[in-house]
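Text of target-v2.txt, listed as compact mmCIF, C-alpha atoms:
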# COMPACT_ATOMS: atom_id res chain seq x y z
CA MET G 1 49.31 -40.13 -27.85
CA THR G 2 49.78 -43.66 -26.51
CA ASP G 3 47.31 -45.37 -24.23
CA ALA G 4 49.86 -45.06 -21.42
CA LEU G 5 49.78 -41.29 -21.78
CA ILE G 6 46.00 -41.03 -21.57
CA ARG G 7 44.96 -40.29 -18.02
CA ASN G 8 42.42 -42.73 -16.65
CA ASP G 9 39.75 -40.04 -16.41
CA ASP G 10 40.22 -39.17 -20.09
CA ARG G 11 39.71 -42.70 -21.44
CA LEU G 12 36.74 -43.00 -23.76
CA ARG G 13 33.79 -44.36 -21.81
CA GLY G 14 30.87 -46.20 -23.29
CA SER G 15 28.54 -44.57 -20.80
CA SER G 16 29.54 -41.13 -22.06
CA ILE G 17 28.88 -42.07 -25.68
CA ILE G 18 25.54 -43.59 -24.75
CA ALA G 19 24.55 -40.46 -22.82
CA ALA G 20 25.57 -38.31 -25.78
CA ILE G 21 23.53 -40.22 -28.36
CA LYS G 22 20.50 -40.17 -26.06
CA SER G 23 20.88 -36.41 -25.63
CA ALA G 24 20.73 -36.17 -29.44
CA GLY G 25 17.33 -37.86 -29.47
CA ILE G 26 18.51 -41.32 -30.49
CA ASP G 27 16.34 -44.05 -29.01
CA ILE G 28 17.08 -46.92 -31.40
CA VAL G 29 20.46 -48.56 -31.99
CA LEU G 30 21.02 -51.00 -34.85
CA SER G 31 24.01 -53.25 -34.61
CA ALA G 32 26.01 -56.14 -35.90
CA PRO G 33 28.54 -56.93 -33.18
CA ASP G 34 32.11 -55.62 -33.24
CA ILE G 35 34.69 -56.96 -30.79
CA PHE G 36 36.21 -53.46 -30.61
CA THR G 37 33.04 -51.94 -29.10
CA SER G 38 31.43 -55.07 -27.69
CA GLN G 39 32.20 -54.58 -23.99
CA GLY G 40 32.21 -50.82 -23.92
CA LEU G 41 29.10 -50.11 -25.96
CA LEU G 42 27.05 -53.01 -27.25
CA PHE G 43 26.58 -54.88 -23.98
CA PRO G 44 25.66 -51.68 -22.10
CA ILE G 45 23.30 -50.65 -24.91
CA ALA G 46 21.64 -54.06 -24.77
CA LYS G 47 20.94 -53.50 -21.07
CA ASP G 48 19.83 -49.88 -21.40
CA LYS G 49 16.09 -49.59 -20.90
CA GLU G 50 15.90 -46.24 -22.69
CA LEU G 51 17.38 -47.60 -25.92
CA ARG G 52 15.88 -50.17 -28.23
CA LEU G 53 18.55 -52.43 -29.72
CA ILE G 54 17.81 -54.10 -33.04
CA ARG G 55 20.34 -56.71 -34.02
CA VAL G 56 20.83 -56.96 -37.78
CA CYS G 57 22.35 -59.80 -39.77
CA LYS G 58 24.35 -57.50 -42.05
CA GLU G 59 25.22 -53.87 -41.63
CA ASP G 60 23.54 -52.45 -44.73
CA GLU G 61 20.19 -53.60 -43.37
CA ALA G 62 20.67 -50.93 -40.72
CA VAL G 63 20.85 -48.24 -43.39
CA GLY G 64 17.44 -49.24 -44.76
CA ILE G 65 15.88 -49.51 -41.32
CA THR G 66 17.26 -46.10 -40.34
CA ALA G 67 15.80 -44.58 -43.50
CA GLY G 68 12.36 -45.98 -42.76
CA LEU G 69 12.53 -44.69 -39.20
CA TYR G 70 13.65 -41.26 -40.37
CA PHE G 71 10.46 -40.79 -42.37
CA CYS G 72 8.56 -41.55 -39.17
CA GLY G 73 10.44 -38.88 -37.23
CA ARG G 74 12.55 -41.33 -35.27
CA ARG G 75 16.30 -41.03 -34.76
CA ALA G 76 18.48 -44.13 -34.90
CA ILE G 77 22.19 -44.84 -35.04
CA SER G 78 24.12 -47.89 -36.23
CA LEU G 79 26.94 -49.42 -34.21
CA VAL G 80 29.18 -51.42 -36.52
CA GLN G 81 32.78 -52.29 -37.28
CA SER G 82 34.74 -50.56 -40.03
CA THR G 83 34.33 -53.69 -42.14
CA GLY G 84 30.58 -53.29 -41.78
CA LEU G 85 30.82 -49.68 -42.87
CA LEU G 86 32.68 -50.76 -46.00
CA ASP G 87 30.00 -53.35 -46.64
CA SER G 88 27.32 -50.65 -46.37
CA LEU G 89 28.80 -48.08 -48.72
CA ASN G 90 26.35 -48.65 -51.57
CA ALA G 91 23.41 -48.21 -49.22
CA MET G 92 25.08 -45.09 -47.79
CA ARG G 93 25.62 -43.83 -51.32
CA ALA G 94 21.95 -44.27 -52.12
CA MET G 95 20.20 -43.22 -48.94
CA GLY G 96 22.75 -40.88 -47.45
CA LEU G 97 24.10 -39.09 -50.48
CA GLU G 98 21.60 -39.38 -53.33
CA TYR G 99 18.50 -39.17 -51.12
CA ARG G 100 20.16 -36.91 -48.51
CA GLN G 101 19.11 -38.77 -45.39
CA PRO G 102 20.78 -38.54 -41.98
CA ILE G 103 22.18 -42.05 -41.79
CA CYS G 104 24.32 -41.95 -38.63
CA MET G 105 26.89 -44.57 -37.71
CA LEU G 106 29.24 -45.31 -34.82
CA VAL G 107 32.09 -47.24 -36.39
CA GLY G 108 34.75 -49.16 -34.47
CA LEU G 109 38.20 -48.99 -36.02
CA LEU G 110 39.31 -52.51 -35.10
CA GLY G 111 43.08 -52.82 -35.35
CA LYS G 112 43.87 -49.12 -35.14
CA GLU G 113 47.20 -48.53 -33.43
CA PRO G 114 46.83 -46.20 -30.40
CA ASP G 115 49.75 -44.01 -31.35
CA LEU G 116 48.86 -43.53 -35.01
CA ALA G 117 46.23 -41.49 -36.76
CA PRO G 118 43.81 -43.68 -38.71
CA LYS G 119 45.24 -42.64 -42.08
CA ASP G 120 48.74 -43.65 -40.91
CA SER G 121 47.67 -47.08 -39.71
CA LYS G 122 49.59 -50.10 -40.99
CA LYS G 123 46.24 -51.87 -41.33
CA VAL G 124 44.66 -51.32 -44.72
CA GLY G 125 41.22 -51.79 -43.23
CA VAL G 126 41.88 -48.80 -40.97
CA SER G 127 43.98 -46.52 -43.16
CA ILE G 128 41.48 -46.43 -46.02
CA ILE G 129 38.43 -45.51 -43.97
CA GLU G 130 38.85 -41.74 -43.77
CA PRO G 131 39.99 -41.40 -47.41
CA VAL G 132 36.99 -43.45 -48.54
CA LEU G 133 34.61 -41.27 -46.51
CA ASP G 134 36.32 -38.13 -47.84
CA ALA G 135 35.97 -39.41 -51.41
CA MET G 136 32.26 -39.94 -50.82
CA GLY G 137 31.84 -36.59 -49.12
CA ILE G 138 30.57 -38.13 -45.89
CA THR G 139 31.15 -36.09 -42.74
CA HIS G 140 33.18 -37.96 -40.14
CA HIS G 141 34.74 -37.34 -36.74
CA LEU G 142 37.19 -39.35 -34.67
CA LEU G 143 36.41 -40.27 -31.06
CA GLU G 144 39.45 -41.26 -29.04
CA THR G 145 39.12 -39.70 -25.60
CA GLU G 146 36.44 -38.28 -23.34
CA ALA G 147 37.37 -34.85 -24.66
CA ASP G 148 35.90 -35.90 -28.02
CA VAL G 149 32.51 -36.91 -26.65
CA PRO G 150 30.95 -33.42 -26.56
CA MET G 151 31.11 -33.31 -30.36
CA ILE G 152 28.64 -36.21 -30.66
CA LYS G 153 25.35 -34.42 -30.01
CA PRO G 154 26.02 -31.39 -32.23
CA ALA G 155 27.29 -33.67 -34.99
CA ILE G 156 24.11 -35.77 -34.91
CA ASP G 157 21.91 -32.67 -34.69
CA ALA G 158 23.73 -31.21 -37.70
CA ALA G 159 23.29 -34.43 -39.69
CA TYR G 160 19.52 -34.27 -39.12
CA ALA G 161 19.33 -30.53 -39.74
CA LYS G 162 21.06 -30.61 -43.14
CA PRO G 163 20.22 -33.59 -43.62
CA GLU G 164 23.30 -35.67 -44.47
CA PRO G 165 25.00 -38.89 -43.35
CA LEU G 166 27.45 -38.95 -40.46
CA VAL G 167 30.14 -41.40 -39.39
CA LEU G 168 31.62 -41.23 -35.90
CA LEU G 169 34.82 -43.26 -35.88
CA ILE G 170 35.76 -44.88 -32.58
CA GLY G 171 39.55 -45.02 -32.49
CA ARG G 172 40.02 -46.62 -29.08
CA ARG G 173 38.15 -49.32 -27.26
CA PRO G 174 35.68 -47.56 -24.99
CA ASN G 175 35.63 -48.61 -21.35
CA ALA G 176 32.44 -50.23 -20.16
CA SER G 177 32.11 -47.78 -17.27
CA MET E 178 1.10 -68.66 -64.33
CA MET E 179 -0.08 -65.51 -62.56
CA LYS E 180 0.73 -62.15 -64.07
CA ARG E 181 2.32 -59.79 -61.57
CA ASP E 182 0.12 -56.84 -62.48
CA GLU E 183 -3.00 -58.98 -62.14
CA CYS E 184 -1.90 -60.03 -58.66
CA PHE E 185 -1.29 -56.41 -57.73
CA GLU E 186 -4.69 -55.34 -59.05
CA ILE E 187 -6.30 -57.86 -56.72
CA LEU E 188 -4.05 -56.83 -53.84
CA ALA E 189 -4.84 -53.16 -54.41
CA ARG E 190 -8.52 -53.79 -53.70
CA HIS E 191 -7.51 -54.73 -50.14
CA VAL E 192 -5.03 -51.92 -49.54
CA THR E 193 -6.47 -49.00 -47.59
CA PRO E 194 -5.57 -45.33 -48.12
CA ASP E 195 -3.62 -45.39 -44.85
CA ASP E 196 -1.44 -48.37 -45.77
CA ILE E 197 2.20 -47.78 -46.63
CA VAL E 198 3.39 -49.86 -49.60
CA VAL E 199 7.13 -50.36 -50.04
CA ALA E 200 7.59 -51.49 -53.63
CA ILE E 201 10.84 -52.50 -55.26
CA TYR E 202 12.01 -51.68 -58.78
CA SER E 203 9.98 -53.70 -61.35
CA SER E 204 7.26 -54.31 -58.79
CA ALA E 205 7.23 -50.60 -58.01
CA PHE E 206 6.63 -49.60 -61.62
CA ASP E 207 3.72 -52.04 -61.86
CA TRP E 208 2.33 -50.96 -58.49
CA ILE E 209 2.31 -47.19 -59.05
CA THR E 210 0.26 -47.60 -62.21
CA ILE E 211 -2.33 -49.54 -60.20
CA ARG E 212 -2.41 -47.63 -56.90
CA GLN E 213 -1.68 -43.93 -57.12
CA SER E 214 -0.89 -42.78 -53.59
CA PRO E 215 1.77 -40.64 -51.94
CA LEU E 216 2.13 -43.49 -49.44
CA ASN E 217 3.85 -45.61 -52.08
CA TYR E 218 7.44 -45.88 -50.82
CA ILE E 219 9.36 -46.70 -53.99
CA PHE E 220 12.72 -45.15 -53.12
CA THR E 221 14.68 -47.94 -51.49
CA GLY E 222 17.90 -46.92 -53.22
CA ALA E 223 19.99 -50.07 -52.99
CA MET E 224 18.77 -53.48 -54.10
CA GLY E 225 17.94 -55.91 -51.34
CA LEU E 226 16.86 -53.42 -48.71
CA GLY E 227 13.11 -53.30 -49.28
CA ALA E 228 12.17 -55.27 -46.20
CA SER E 229 14.70 -53.30 -44.16
CA HIS E 230 13.07 -49.99 -45.10
CA ALA E 231 9.72 -51.56 -44.33
CA LEU E 232 10.92 -52.71 -40.93
CA GLY E 233 11.92 -49.15 -40.04
CA LEU E 234 8.54 -47.87 -41.17
CA ALA E 235 6.68 -50.61 -39.31
CA ILE E 236 8.52 -49.80 -36.08
CA GLY E 237 8.11 -46.07 -36.57
CA ARG E 238 4.42 -46.21 -37.44
CA PRO E 239 2.86 -49.14 -35.59
CA ASP E 240 -0.57 -47.65 -36.31
CA ARG E 241 -0.29 -48.48 -40.03
CA ARG E 242 0.07 -51.60 -42.12
CA VAL E 243 3.32 -51.71 -44.06
CA ILE E 244 3.14 -53.89 -47.17
CA VAL E 245 6.34 -54.83 -49.01
CA LEU E 246 6.32 -55.77 -52.68
CA ASP E 247 9.76 -57.33 -52.96
CA GLY E 248 11.44 -59.15 -55.82
CA ASP E 249 13.17 -62.51 -55.74
CA GLY E 250 16.44 -61.09 -57.07
CA SER E 251 16.34 -58.29 -54.51
CA LEU E 252 15.58 -60.60 -51.63
CA LEU E 253 18.44 -62.92 -52.59
CA MET E 254 20.80 -59.98 -52.09
CA ASN E 255 19.75 -59.64 -48.47
CA LEU E 256 18.36 -62.91 -47.15
CA GLY E 257 19.41 -61.98 -43.63
CA CYS E 258 16.62 -59.40 -43.58
CA LEU E 259 14.16 -62.27 -43.22
CA VAL E 260 15.80 -63.24 -39.94
CA THR E 261 15.95 -59.65 -38.73
CA VAL E 262 12.30 -59.02 -39.54
CA ALA E 263 11.20 -62.27 -37.93
CA SER E 264 13.24 -61.47 -34.82
CA VAL E 265 11.70 -58.03 -34.42
CA ALA E 266 8.30 -59.47 -35.37
CA PRO E 267 6.42 -56.29 -36.31
CA PRO E 268 2.72 -57.15 -36.24
CA ASN E 269 2.00 -54.66 -39.04
CA LEU E 270 4.45 -55.88 -41.71
CA TYR E 271 3.29 -57.90 -44.76
CA HIS E 272 6.06 -59.12 -47.05
CA PHE E 273 5.12 -60.19 -50.58
CA VAL E 274 7.82 -61.43 -52.95
CA SER E 275 7.26 -61.66 -56.69
CA VAL E 276 9.07 -64.79 -57.79
CA ASN E 277 9.72 -64.57 -61.51
CA GLY E 278 13.18 -66.13 -61.52
CA THR E 279 14.87 -63.17 -63.16
CA TYR E 280 16.68 -59.95 -62.47
CA GLU E 281 14.01 -58.23 -64.52
CA ALA E 282 15.31 -54.69 -63.96
CA ASN E 283 18.82 -55.75 -64.97
CA GLY E 284 18.21 -57.33 -68.34
CA GLY E 285 16.12 -60.35 -67.49
CA HIS E 286 18.99 -62.61 -66.51
CA PRO E 287 18.04 -65.64 -64.41
CA ILE E 288 18.55 -65.56 -60.66
CA PRO E 289 20.84 -68.20 -59.16
CA GLY E 290 18.75 -71.18 -58.21
CA LYS E 291 15.89 -70.29 -60.53
CA GLY E 292 13.14 -72.85 -60.14
CA VAL E 293 14.86 -74.49 -57.21
CA VAL E 294 14.89 -71.88 -54.46
CA ASP E 295 11.96 -72.09 -52.04
CA PHE E 296 11.26 -68.53 -50.90
CA LYS E 297 8.42 -69.52 -48.62
CA GLY E 298 10.81 -72.07 -47.11
CA PHE E 299 13.33 -69.31 -46.43
CA ALA E 300 10.70 -67.31 -44.57
CA VAL E 301 9.50 -70.31 -42.58
CA SER E 302 13.07 -71.11 -41.56
CA ALA E 303 13.75 -67.48 -40.67
CA GLY E 304 10.85 -67.52 -38.22
CA TYR E 305 8.00 -65.69 -39.96
CA PRO E 306 4.92 -67.01 -38.18
CA ASN E 307 2.62 -66.88 -41.21
CA CYS E 308 3.96 -67.92 -44.62
CA PHE E 309 2.20 -68.56 -47.90
CA ALA E 310 2.98 -69.40 -51.51
CA PHE E 311 0.60 -68.60 -54.35
CA SER E 312 0.80 -69.59 -58.00
CA ASP E 313 -2.90 -69.55 -58.86
CA LEU E 314 -4.65 -66.22 -59.30
CA ARG E 315 -8.07 -67.43 -58.20
CA GLN E 316 -6.61 -68.87 -55.01
CA PHE E 317 -4.77 -65.63 -54.36
CA GLU E 318 -7.95 -63.66 -54.86
CA LYS E 319 -9.82 -65.97 -52.51
CA ASP E 320 -7.20 -65.84 -49.73
CA ILE E 321 -5.73 -62.35 -49.84
CA ALA E 322 -8.20 -60.75 -47.42
CA SER E 323 -7.48 -63.32 -44.76
CA VAL E 324 -3.72 -63.08 -45.38
CA LEU E 325 -3.84 -59.33 -44.82
CA GLY E 326 -6.01 -59.86 -41.76
CA LEU E 327 -3.37 -61.90 -39.97
CA THR E 328 -1.01 -60.49 -37.38
CA GLY E 329 2.39 -59.90 -38.93
CA PRO E 330 4.97 -60.45 -39.90
CA VAL E 331 3.37 -62.25 -42.81
CA PHE E 332 5.23 -63.58 -45.86
CA ALA E 333 3.81 -64.59 -49.22
CA ALA E 334 5.73 -65.78 -52.27
CA LEU E 335 3.90 -65.03 -55.52
CA THR E 336 5.02 -67.12 -58.48
CA VAL E 337 4.46 -64.72 -61.35
CA GLU E 338 5.51 -63.65 -64.78
CA GLN E 339 5.65 -60.14 -66.10
CA GLY E 340 2.31 -58.77 -67.20
CA LYS E 341 1.75 -55.67 -69.26
CA PRO E 342 5.01 -53.72 -69.50
CA SER E 343 5.04 -50.70 -67.22
CA VAL E 344 6.62 -47.33 -67.87
CA LEU E 345 10.05 -47.33 -66.25
CA ASP E 346 10.10 -43.77 -64.92
CA TYR E 347 13.22 -43.58 -62.80
CA GLU E 348 12.72 -39.86 -62.18
CA ILE E 349 9.56 -40.68 -60.26
CA MET E 350 11.40 -43.40 -58.36
CA HIS E 351 14.50 -41.41 -57.44
CA GLY E 352 13.27 -37.81 -57.58
CA ALA E 353 13.06 -35.74 -54.41
CA LYS E 354 9.39 -34.86 -54.99
CA THR E 355 8.26 -38.46 -54.49
CA ARG E 356 10.00 -38.58 -51.12
CA GLU E 357 8.65 -35.17 -50.12
CA ASP E 358 5.11 -36.21 -51.04
CA PHE E 359 5.49 -39.40 -49.02
CA GLN E 360 6.76 -37.48 -46.00
CA ALA E 361 3.92 -34.97 -46.22
CA ALA E 362 1.29 -37.70 -46.52
CA LEU E 363 2.75 -39.62 -43.59
CA ASN E 364 2.88 -36.51 -41.42
CA ALA E 365 -0.67 -35.55 -42.33
CA LYS E 366 -2.25 -38.50 -40.55
I need this file expressed as structure tokens, please.
Amino acid sequence: MTDALIRNDDRLRGSSIIAAIKSAGIDIVLSAPDIFTSQGLLFPIAKDKELRLIRVCKEDEAVGITAGLYFCGRRAISLVQSTGLLDSLNAMRAMGLEYRQPICMLVGLLGKEPDLAPKDSKKVGVSIIEPVLDAMGITHHLLETEADVPMIKPAIDAAYAKPEPLVLLIGRRPNAS
Amino acid sequence: MMKRDECFEILARHVTPDDIVVAIYSSAFDWITIRQSPLNYIFTGAMGLGASHALGLAIGRPDRRVIVLDGDGSLLMNLGCLVTVASVAPPNLYHFVSVNGTYEANGGHPIPGKGVVDFKGFAVSAGYPNCFAFSDLRQFEKDIASVLGLTGPVFAALTVEQGKPSVLDYEIMHGAKTREDFQAALNAK
């Protein structure tokens, strides 16, 4: 589906994603900025009085911080770019997989073509993401339209219930509204 | 030169039963022989993330002191954490770094910049409000109570060498029981 074929009311909205993560009990967001989600998510999150934003210098810091918070009964999510996810894989391996902790991430797929599935992208940095997550056994879902938003809360709840890591891939730039 | 285990023995006298201690690899093996407590958080998984775990704990449990026993090699893998910690400025976080100039857990190879790198200088530049460097055991013993009495985040570089060899029990470090015991102890209070 091309952007032109997505009705305006079905475009992914940052406000919907933010409402969904709050409904899942998230009150802390950890982020290194990503131009793909900057306007639609990070700026609104920075202004949101119900969310605490912690800006990290490098994305794997967020994995450690999330782990510490988890032991204290707090739910957090990271907002990073796909490059930041790749940079965090060793920390995800350790905390998410070996220690079975619910490390949750919102990951912007910068460069993903609107009419292609991530695995079919011409951009290596996009096409490898799902195969890498599959190889690691990390649960992931793709968010592209408003119709995908209702999966967010149950996915986060499931990650904490099992517990296991979760990656929510953002395939289109979310609107700021 | 201070011995790391001797420093930790002095430090342990000032650590309360409610304090959380995040200890990294070689420091962790020394520490758990000195202070036996389920509130020893020794499962940081990936090198370099000790202070990041501690930051999460410090935010999540502002009622407790969180003491980090980091290593110089570990910290070099994640220097940005100093900036992140200083920016968040948790008043209950105390960050000690054992500076022995080696990747002790990885064969004893020297760290880049051994003998040149100024770890206290890193922390000062990152914005930690209280930074110290100790290389004399008597001075450390004299000052440690006041260091731990300051409002965090506090940073202290400890120039040390390895003391008595500790048992390297990776099952204790990585096993699920250690994490379960930590969780239970944290929930209990």
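Going from CA of Pro289 (chain E) to CA of Leu335 (chain E) covers 17.6 Å.
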Please tabulate, as a Markdown table, the residues of chain E that come within 8 Å of chain G, each with its closest pair of atoms and the distance in Å to one decimal, counting all atoms listed in the file and ordering rows by chain, then residue number upward.
| residue | atom | partner | partner_atom | distance |
| --- | --- | --- | --- | --- |
| E:Thr221 | CA | G:Gly64 | CA | 7.4 |
| E:Gly222 | CA | G:Ala94 | CA | 5.0 |
| E:Ala223 | CA | G:Ala91 | CA | 5.4 |
| E:Leu226 | CA | G:Gly64 | CA | 5.8 |
| E:Gly227 | CA | G:Gly64 | CA | 7.5 |
| E:Ser229 | CA | G:Ile65 | CA | 4.9 |
| E:His230 | CA | G:Gly64 | CA | 4.4 |
| E:Ala231 | CA | G:Gly68 | CA | 6.4 |
| E:Leu232 | CA | G:Ile65 | CA | 5.9 |
| E:Gly233 | CA | G:Ile65 | CA | 4.2 |
| E:Leu234 | CA | G:Gly68 | CA | 4.5 |
| E:Ile236 | CA | G:Leu69 | CA | 7.2 |
| E:Gly237 | CA | G:Cys72 | CA | 5.2 |
| E:Arg238 | CA | G:Cys72 | CA | 6.5 |
| E:Asn255 | CA | G:Glu61 | CA | 7.9 |
| E:Gly257 | CA | G:Cys57 | CA | 5.3 |
| E:Cys258 | CA | G:Glu61 | CA | 6.8 |
| E:Val260 | CA | G:Cys57 | CA | 7.4 |
| E:Thr261 | CA | G:Val56 | CA | 5.7 |
| E:Val265 | CA | G:Ile54 | CA | 7.4 |
| E:His351 | CA | G:Tyr99 | CA | 7.8 |
| E:Ala353 | CA | G:Tyr99 | CA | 7.2 |
| E:Gln360 | CA | G:Phe71 | CA | 6.2 |
| E:Leu363 | CA | G:Cys72 | CA | 7.6 |
| E:Asn364 | CA | G:Cys72 | CA | 7.9 |
**Asked** What is the CA of Glu338 (chain E) to CA of Ser204 (chain E) distance in Å?
**Response**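 Between CA of Glu338 (chain E) and CA of Ser204 (chain E) the gap is 11.2 Å.
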**Within-12 Å shell of (11.1, -69.2, -48.3) in input frame, only C-alpha atoms, as a VMD selection string** = chain E and resid 249 252 to 253 256 to 257 259 to 260 272 to 276 293 to 305 307 to 310 331 to 335
**Asked** Quick one: distance from CA of Asp207 (chain E) to CA of Cys184 (chain E) in Å, one decimal?
**Response**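 Separation between CA of Asp207 (chain E) and CA of Cys184 (chain E): 10.3 Å.
Shown here are all protein and nucleic acid residues lying within 12 Å of (-8.3, -58.0, -43.1), with all atoms listed in the file considered: E:Leu188, E:Arg190, E:His191, E:Val192, E:Thr193, E:Arg242, E:Asn269, E:Tyr271, E:Asp320, E:Ile321, E:Ala322, E:Ser323, E:Val324, E:Leu325, E:Gly326, E:Leu327, E:Thr328, E:Gly329.
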At a cut-off of 10 Å, using all atoms listed in the file, what residues contact Lys123 (chain G)? Leave out same-chain residues fewer than 2 positions from it and give the result as an mmCIF file with C-alpha atoms, keeping the file's coordinate frame.
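Output file around-v2.cif is given in full below:
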data_model
loop_
_atom_site.group_PDB
_atom_site.id
_atom_site.type_symbol
_atom_site.label_atom_id
_atom_site.label_comp_id
_atom_site.auth_asym_id
_atom_site.auth_seq_id
_atom_site.Cartn_x
_atom_site.Cartn_y
_atom_site.Cartn_z
ATOM 1 C CA LEU G 110 39.310 -52.510 -35.100
ATOM 2 C CA GLY G 111 43.080 -52.820 -35.350
ATOM 3 C CA LYS G 112 43.870 -49.120 -35.140
ATOM 4 C CA GLU G 113 47.200 -48.530 -33.430
ATOM 5 C CA PRO G 118 43.810 -43.680 -38.710
ATOM 6 C CA LYS G 119 45.240 -42.640 -42.080
ATOM 7 C CA ASP G 120 48.740 -43.650 -40.910
ATOM 8 C CA SER G 121 47.670 -47.080 -39.710
ATOM 9 C CA GLY G 125 41.220 -51.790 -43.230
ATOM 10 C CA VAL G 126 41.880 -48.800 -40.970
ATOM 11 C CA SER G 127 43.980 -46.520 -43.160
ATOM 12 C CA ILE G 128 41.480 -46.430 -46.020
#
Incomplete region 200-213 of chain E filled out to N, CA and C atoms as a compact mmCIF listing (two decimals), keeping the file's coordinate frame:
# COMPACT_ATOMS: atom_id res chain seq x y z
N ALA E 200 7.53 -50.69 -52.39
CA ALA E 200 7.59 -51.49 -53.63
C ALA E 200 8.95 -51.33 -54.29
N ILE E 201 9.45 -52.43 -54.79
CA ILE E 201 10.84 -52.50 -55.26
C ILE E 201 10.90 -52.56 -56.78
N TYR E 202 11.64 -51.68 -57.37
CA TYR E 202 12.01 -51.68 -58.78
C TYR E 202 10.88 -52.15 -59.71
N SER E 203 10.99 -53.31 -60.36
CA SER E 203 9.98 -53.70 -61.35
C SER E 203 8.59 -53.77 -60.71
N SER E 204 8.54 -54.28 -59.50
CA SER E 204 7.26 -54.31 -58.79
C SER E 204 6.74 -52.90 -58.56
N ALA E 205 7.64 -51.98 -58.27
CA ALA E 205 7.23 -50.60 -58.01
C ALA E 205 6.59 -49.98 -59.24
N PHE E 206 7.18 -50.21 -60.40
CA PHE E 206 6.63 -49.60 -61.62
C PHE E 206 5.25 -50.18 -61.94
N ASP E 207 5.07 -51.47 -61.70
CA ASP E 207 3.72 -52.04 -61.86
C ASP E 207 2.76 -51.42 -60.84
N TRP E 208 3.21 -51.36 -59.59
CA TRP E 208 2.33 -50.96 -58.49
C TRP E 208 1.83 -49.53 -58.64
N ILE E 209 2.72 -48.61 -59.03
CA ILE E 209 2.31 -47.19 -59.05
C ILE E 209 1.37 -46.89 -60.21
N THR E 210 1.28 -47.79 -61.18
CA THR E 210 0.26 -47.60 -62.21
C THR E 210 -1.10 -48.10 -61.73
N ILE E 211 -1.09 -48.95 -60.72
CA ILE E 211 -2.33 -49.54 -60.20
C ILE E 211 -2.86 -48.76 -59.00
N ARG E 212 -1.99 -48.40 -58.08
CA ARG E 212 -2.41 -47.63 -56.90
C ARG E 212 -1.63 -46.30 -56.88
N GLN E 213 -2.33 -45.24 -57.20
CA GLN E 213 -1.68 -43.93 -57.12
C GLN E 213 -1.89 -43.40 -55.70
